[in-house]
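Notes follow the structure.
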Amino acid sequence: GIFYQLILEGTPQGLHYTVPFQYGYTIVGNGTTININDALVTGLTANVPSFTAFPKTLKAGMIQQFSLGFQHQLPWQVLIDASYVGNRGRDIDASEPVNTPAPGPGTVQSRRLNPNFASINLYCPCTTSQYDGLEVSARKNLAQAGQIRTSFTWSRSFDNAGTVQDPNSYAGQWGPSSYDIPIHLSIAYVYHLPVGSGQKFLSHMNGFGNAVLGGWQANGIYQYQDRKSTRLNSSH
């Protein structure tokens, strides 16, 4: 399927909280000449405004989802499912900090693209995501005794979302997603205890005894997944 991302109404409406209607300020100081007691003095030259912008044209984001699966009944009452699942996200909206200071010597403001402002966030369709996964499951019925099911997923998820390191190079942001879990294994079972009327043990109990001791089952689930990927971020 193909799905398009809608622009939430509150996003463009929220622009009245930015210039020229409202200013947000970042106080730049060293804690001595500018400290908490004089940081908000009217006309302080260290007050640097910041704002959020919205482009004239904004492309709607698109997400594609697709899958291909097979199912086969094996002997011994074993059912196998195998599927490939894919997901592609294109032009997903994000807030891009276009006035991020470049790394290097000097003050923070001197390293910004526009030193007259602090942060400038541009709401833009600038992130991409990709998911590919193999999902395999096997289920075996244990006659009247219960059922056991095993599921295994081998997948990778990549994107360029998260804290932007270099707004001029989103390609350098590409890497494993924060929720990327390449391997996941799950084993679940249900076992009906053979106790009570018509069962192997205590099959001749009266109604009261059968209501108390019969009809019990044991359930369990075991899950294993490898360690999540870690994305390293830094600020300048």
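In the structure tokens, each chain is lettered A, B, ... as it comes, each chain's residues begin at 1, and ligands are numbered from 1 in order of appearance.
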For range 77-91 of chain A, find every residue with an atom within 10 Å (counting only C-alpha atoms), except residues of its own chain fewer than 3 positions away, and show them as an MDAnalysis selection string. chainID A and resid 1:5 58:74 94 124:143 148:159
Taking only range 79-230 of chain A into account, list the residues labelled strand (DSSP E) by DSSP (computed from the backbone), as an MDAnalysis selection string. chainID A and resid 79:97 120:141 146:159 175:176 183:192 217:225
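Proximity ranking of A:Asn121, A:Ser197, A:Gln225, A:Ser50 relative to Val212 in chain A places A:Ser197 first, based on only C-alpha atoms.
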Going by DSSP on the backbone, which residues of range 37-231 of chain A come out as alpha helix (DSSP H)? List them as an MDAnalysis selection string. chainID A and resid 207:213
Pull C-alpha atoms from the residues just selected and write them as a short mmCIF file (atom, residue, chain, number, x, y, z; two decimals), in the first residue's frame.
```cif
data_model
loop_
_atom_site.label_atom_id
_atom_site.label_comp_id
_atom_site.auth_asym_id
_atom_site.auth_seq_id
_atom_site.Cartn_x
_atom_site.Cartn_y
_atom_site.Cartn_z
CA GLY A 207 -18.23 -32.38 39.71
CA PHE A 208 -16.76 -30.33 42.53
CA GLY A 209 -13.32 -31.93 42.27
CA ASN A 210 -13.30 -31.54 38.51
CA ALA A 211 -14.25 -27.85 38.81
CA VAL A 212 -11.34 -27.26 41.17
CA LEU A 213 -8.59 -29.45 39.68
#
```
